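> Please see the structure below; I have some questions.
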Amino acid sequence: MKKILVTGCNGQLGRAINEVYKADVEAGKVTLINTDVGVEGVKAVDITDLAGVLKFVEEEKPEVIINCAAFTNVNGAETAEELCYKINAIGPRNLAIAAKRFGAKLVHVSTDYVFDGTSTVPYTEFDSPKPLGAYGRTKYAGEEFVKQFGDKFFIIRTAWLYGDGKNFVKTMLSLAETHDEVSVVGDQIGSPTSAMELARCIYALEPTDNFGIFHGTCEGFCSWADFTEEIFRLAGKDTKVKHITTDEYPTPAKRPAYSVLDNMMLRLTTDFRFKDWKDAIAEYMK
């Protein structure tokens, strides 16, 4: 039976991973070792503590480690960059060291924020990262550590993730309950990505030796305002969406204006394809 260690199991992706592997777990093919910090009934593993990580991996002996743990508060990262480096860079480094020492594969999830968003065409895995802010810098450092200290790894960059938990979709639907019109940024372009689709991608990659960096987002792209309009359409809401500029909605962290990722490596090396973003959000809304 294959043992898979999941960090950050209570987040959107962690929950999706549990859902995607459910049939294999019930069939006795896979054991998921779910870990998180401060979650009742779940083993606590602090990925920023190297000694603790090494001890836990040595004891549990997983064949695969899926790292869903991250500091994802993009605005908060601007004032807590050191903590962000601890979780987003040192954490993956520690998991990479442990994975290599005990012969496990590592699946590490990264982000579109490693790019500065100045491109006018989708970013491939062959483009050089150039982060804009603290969040992107720390996630890029995490990638570099995984490459430096790991050997059997998959780094998957994703974007605009939503799933079971607090997310953009639920925020917009909540606003629609009390507003006739909402203002949403219309000049930031990306690919809304379902956590279930990303979990399915991980499920497809993880048993293979097809190691390296992959982009993993739903196909197609839109603005946040376009995304909101589609959410309201599917939910049958009459709430109007006012398209505003990034300058009209200033945030502590600067966002990439264009962060569409091209899943080139998946196309070149696998048969796995992400759903179109519209099909994925329709599935999620059901």
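Ordering of the structure tokens sets the chain letters (A, B, ...), residue numbers begin anew at 1 in every chain, and ligands are numbered from 1 in the order given.
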Which of range 74-159 of chain A counts as strand (DSSP E or B) under DSSP, as a ChimeraX atom specification please?
/A:105-111,123,153-158
> For the residues selected in the previous step, produce a file with N, CA, C and O atoms as a JSON list (two decimals), in the first residue's frame.

[["chain", "number", "residue", "atom", "x", "y", "z"],
["A", 105, "LYS", "N", 9.14, 10.83, -3.23],
["A", 105, "LYS", "CA", 8.89, 11.86, -4.24],
["A", 105, "LYS", "C", 8.27, 13.07, -3.54],
["A", 105, "LYS", "O", 7.55, 12.91, -2.55],
["A", 106, "LEU", "N", 8.52, 14.26, -4.07],
["A", 106, "LEU", "CA", 7.93, 15.48, -3.51],
["A", 106, "LEU", "C", 7.12, 16.19, -4.58],
["A", 106, "LEU", "O", 7.61, 16.46, -5.67],
["A", 107, "VAL", "N", 5.86, 16.49, -4.24],
["A", 107, "VAL", "CA", 5.03, 17.35, -5.09],
["A", 107, "VAL", "C", 4.90, 18.68, -4.36],
["A", 107, "VAL", "O", 4.37, 18.74, -3.25],
["A", 108, "HIS", "N", 5.40, 19.73, -4.98],
["A", 108, "HIS", "CA", 5.37, 21.06, -4.35],
["A", 108, "HIS", "C", 4.56, 22.02, -5.21],
["A", 108, "HIS", "O", 4.76, 22.10, -6.43],
["A", 109, "VAL", "N", 3.63, 22.74, -4.58],
["A", 109, "VAL", "CA", 2.74, 23.64, -5.32],
["A", 109, "VAL", "C", 3.25, 25.08, -5.24],
["A", 109, "VAL", "O", 3.49, 25.61, -4.16],
["A", 110, "SER", "N", 3.43, 25.69, -6.42],
["A", 110, "SER", "CA", 3.89, 27.07, -6.49],
["A", 110, "SER", "C", 2.82, 27.93, -7.18],
["A", 110, "SER", "O", 1.65, 27.55, -7.23],
["A", 111, "THR", "N", 3.20, 29.07, -7.71],
["A", 111, "THR", "CA", 2.23, 30.08, -8.08],
["A", 111, "THR", "C", 2.61, 30.87, -9.34],
["A", 111, "THR", "O", 3.79, 30.98, -9.69],
["A", 123, "TYR", "N", 2.74, 32.59, -19.99],
["A", 123, "TYR", "CA", 4.07, 32.17, -19.52],
["A", 123, "TYR", "C", 4.21, 30.66, -19.61],
["A", 123, "TYR", "O", 3.34, 29.92, -19.15],
["A", 153, "PHE", "N", 11.26, 15.36, -7.78],
["A", 153, "PHE", "CA", 10.23, 16.36, -7.42],
["A", 153, "PHE", "C", 9.41, 16.81, -8.62],
["A", 153, "PHE", "O", 9.86, 16.79, -9.76],
["A", 154, "PHE", "N", 8.19, 17.22, -8.30],
["A", 154, "PHE", "CA", 7.30, 17.91, -9.24],
["A", 154, "PHE", "C", 6.99, 19.27, -8.63],
["A", 154, "PHE", "O", 6.49, 19.33, -7.50],
["A", 155, "ILE", "N", 7.30, 20.33, -9.33],
["A", 155, "ILE", "CA", 6.90, 21.67, -8.91],
["A", 155, "ILE", "C", 5.75, 22.08, -9.84],
["A", 155, "ILE", "O", 5.93, 22.11, -11.06],
["A", 156, "ILE", "N", 4.59, 22.34, -9.28],
["A", 156, "ILE", "CA", 3.42, 22.69, -10.09],
["A", 156, "ILE", "C", 2.98, 24.11, -9.76],
["A", 156, "ILE", "O", 2.56, 24.39, -8.63],
["A", 157, "ARG", "N", 3.10, 24.99, -10.73],
["A", 157, "ARG", "CA", 2.64, 26.39, -10.54],
["A", 157, "ARG", "C", 1.17, 26.48, -10.93],
["A", 157, "ARG", "O", 0.80, 26.09, -12.03],
["A", 158, "THR", "N", 0.37, 27.03, -10.02],
["A", 158, "THR", "CA", -1.04, 27.19, -10.30],
["A", 158, "THR", "C", -1.44, 28.64, -10.09],
["A", 158, "THR", "O", -0.58, 29.48, -9.78]]
> Please, which residues in range 145-238 of chain A fall within 9 Å of range 279-286 of chain A when counting only C-alpha atoms, and what is the closest atom pair and distance in Å to one decimal for each, ordered by chain then residue number, as CSV?

residue,atom,partner,partner_atom,distance
A:Tyr162,CA,A:Tyr284,CA,8.9
A:Gly163,CA,A:Tyr284,CA,7.6
A:Pro192,CA,A:Ile281,CA,8.2
A:Thr193,CA,A:Ala280,CA,7.5
A:Ser194,CA,A:Ala280,CA,6.1
A:Met196,CA,A:Tyr284,CA,8.5
A:Glu197,CA,A:Ala280,CA,7.5
A:Cys218,CA,A:Ala280,CA,7.5
A:Glu230,CA,A:Ile281,CA,8.4
A:Ile231,CA,A:Ile281,CA,7.5
A:Leu234,CA,A:Ala282,CA,6.9
A:Ala235,CA,A:Met285,CA,7.5
> Restrict the selected residues to N, CA and C atoms and save them as a PDB file, in the first residue's frame.

ATOM      1  N   TYR A 162      -9.505  28.084  -6.351  1.00  0.00           N
ATOM      2  CA  TYR A 162     -10.713  28.084  -5.517  1.00  0.00           C
ATOM      3  C   TYR A 162     -11.115  26.637  -5.268  1.00  0.00           C
ATOM      4  N   GLY A 163     -11.701  26.385  -4.108  1.00  0.00           N
ATOM      5  CA  GLY A 163     -12.120  25.032  -3.762  1.00  0.00           C
ATOM      6  C   GLY A 163     -12.956  25.064  -2.505  1.00  0.00           C
ATOM      7  N   PRO A 192      -8.700  31.268 -13.685  1.00  0.00           N
ATOM      8  CA  PRO A 192      -9.299  30.686 -12.472  1.00  0.00           C
ATOM      9  C   PRO A 192      -9.134  29.167 -12.501  1.00  0.00           C
ATOM     10  N   THR A 193      -8.665  28.599 -11.393  1.00  0.00           N
ATOM     11  CA  THR A 193      -8.342  27.168 -11.382  1.00  0.00           C
ATOM     12  C   THR A 193      -9.006  26.462 -10.208  1.00  0.00           C
ATOM     13  N   SER A 194      -9.713  25.408 -10.526  1.00  0.00           N
ATOM     14  CA  SER A 194     -10.389  24.596  -9.523  1.00  0.00           C
ATOM     15  C   SER A 194      -9.378  23.724  -8.774  1.00  0.00           C
ATOM     16  N   MET A 196     -10.007  21.007  -7.394  1.00  0.00           N
ATOM     17  CA  MET A 196     -10.238  19.615  -7.807  1.00  0.00           C
ATOM     18  C   MET A 196      -9.445  19.277  -9.066  1.00  0.00           C
ATOM     19  N   GLU A 197      -9.410  20.217 -10.027  1.00  0.00           N
ATOM     20  CA  GLU A 197      -8.642  19.987 -11.241  1.00  0.00           C
ATOM     21  C   GLU A 197      -7.146  19.863 -10.941  1.00  0.00           C
ATOM     22  N   CYS A 218      -6.406  25.849 -15.077  1.00  0.00           N
ATOM     23  CA  CYS A 218      -7.485  25.572 -16.022  1.00  0.00           C
ATOM     24  C   CYS A 218      -7.216  26.321 -17.324  1.00  0.00           C
ATOM     25  N   GLU A 230     -19.400  35.379 -14.583  1.00  0.00           N
ATOM     26  CA  GLU A 230     -19.718  33.973 -14.839  1.00  0.00           C
ATOM     27  C   GLU A 230     -20.249  33.292 -13.570  1.00  0.00           C
ATOM     28  N   ILE A 231     -19.673  33.632 -12.415  1.00  0.00           N
ATOM     29  CA  ILE A 231     -20.145  33.091 -11.131  1.00  0.00           C
ATOM     30  C   ILE A 231     -21.604  33.495 -10.906  1.00  0.00           C
ATOM     31  N   LEU A 234     -24.020  31.653 -13.327  1.00  0.00           N
ATOM     32  CA  LEU A 234     -24.267  30.267 -12.921  1.00  0.00           C
ATOM     33  C   LEU A 234     -25.148  30.183 -11.677  1.00  0.00           C
ATOM     34  N   ALA A 235     -25.021  31.173 -10.796  1.00  0.00           N
ATOM     35  CA  ALA A 235     -25.791  31.177  -9.551  1.00  0.00           C
ATOM     36  C   ALA A 235     -27.170  31.820  -9.723  1.00  0.00           C
TER      37      ALA A 235
END
> Using only C-alpha atoms, determine which residues lie at most 10 Å from Lys254 in chain A, disregarding the query and same-chain residues fewer than 5 positions distant; provide the list as a compact mmCIF listing (two decimals) with all heavy atoms, in the first residue's frame.

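part01.txt, written as the output of this step:
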# COMPACT_ATOMS: atom_id res chain seq x y z
N VAL A 74 -1.49 37.29 0.26
CA VAL A 74 -0.61 38.08 -0.61
C VAL A 74 -0.35 39.48 -0.03
O VAL A 74 0.79 39.95 -0.03
CB VAL A 74 -1.20 38.18 -2.03
CG1 VAL A 74 -0.33 39.07 -2.92
CG2 VAL A 74 -1.32 36.79 -2.64
N ASN A 75 -1.39 40.12 0.47
CA ASN A 75 -1.21 41.45 1.08
C ASN A 75 -0.43 41.37 2.39
O ASN A 75 0.46 42.16 2.65
CB ASN A 75 -2.56 42.12 1.32
CG ASN A 75 -3.22 42.58 0.02
OD1 ASN A 75 -2.52 42.93 -0.93
ND2 ASN A 75 -4.53 42.56 -0.02
N GLU A 78 3.48 41.31 2.53
CA GLU A 78 4.26 42.54 2.41
C GLU A 78 4.79 43.03 3.76
O GLU A 78 5.83 43.68 3.82
CB GLU A 78 3.42 43.64 1.74
CG GLU A 78 3.06 43.35 0.29
CD GLU A 78 4.27 43.21 -0.62
OE1 GLU A 78 5.18 44.07 -0.55
OE2 GLU A 78 4.32 42.25 -1.42
N ASP A 116 6.20 38.56 -13.22
CA ASP A 116 5.84 39.95 -12.92
C ASP A 116 4.60 40.45 -13.67
O ASP A 116 4.11 41.55 -13.42
CB ASP A 116 7.03 40.90 -13.18
CG ASP A 116 7.45 40.97 -14.65
OD1 ASP A 116 6.76 40.36 -15.50
OD2 ASP A 116 8.47 41.63 -14.93
N LEU A 132 7.05 40.11 -8.41
CA LEU A 132 6.75 41.52 -8.13
C LEU A 132 6.83 41.85 -6.64
O LEU A 132 7.28 42.92 -6.27
CB LEU A 132 5.33 41.85 -8.59
CG LEU A 132 5.08 42.35 -10.01
CD1 LEU A 132 3.60 42.66 -10.17
CD2 LEU A 132 5.91 43.59 -10.31
N GLY A 133 6.31 40.94 -5.81
CA GLY A 133 6.17 41.25 -4.38
C GLY A 133 6.69 40.15 -3.49
O GLY A 133 7.27 39.16 -3.94
N ALA A 134 6.45 40.32 -2.19
CA ALA A 134 6.97 39.40 -1.17
C ALA A 134 6.46 37.98 -1.36
O ALA A 134 7.22 37.01 -1.27
CB ALA A 134 6.62 39.92 0.22
N THR A 246 -7.10 48.43 -11.68
CA THR A 246 -6.27 48.13 -10.51
C THR A 246 -6.00 49.40 -9.71
O THR A 246 -6.00 49.37 -8.47
CB THR A 246 -4.94 47.50 -10.97
OG1 THR A 246 -5.24 46.28 -11.68
CG2 THR A 246 -4.03 47.19 -9.81
> Could you check which of A:Val45, A:Thr228, A:Lys3, A:Thr79 is closest to Val25 in chain A, using only C-alpha atoms?
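Of the candidates, the smallest distance to Val25 in chain A is held by A:Lys3.
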> Can you tell me which residues surround Tyr85 in chain A at a distance of at most 9 Å, considering only C-alpha atoms, apart from same-chain residues fewer than 2 positions away, and format the answer as a VMD selection string?
chain A and resid 71 80 to 83 87 to 91 134 to 135 137 to 139 141 to 142
> Give me, as a ChimeraX atom specification, the residues of range 86-204 of chain A that a backbone DSSP run labels alpha helix (DSSP H).
/A:91-101,134-149,168-178,195-204
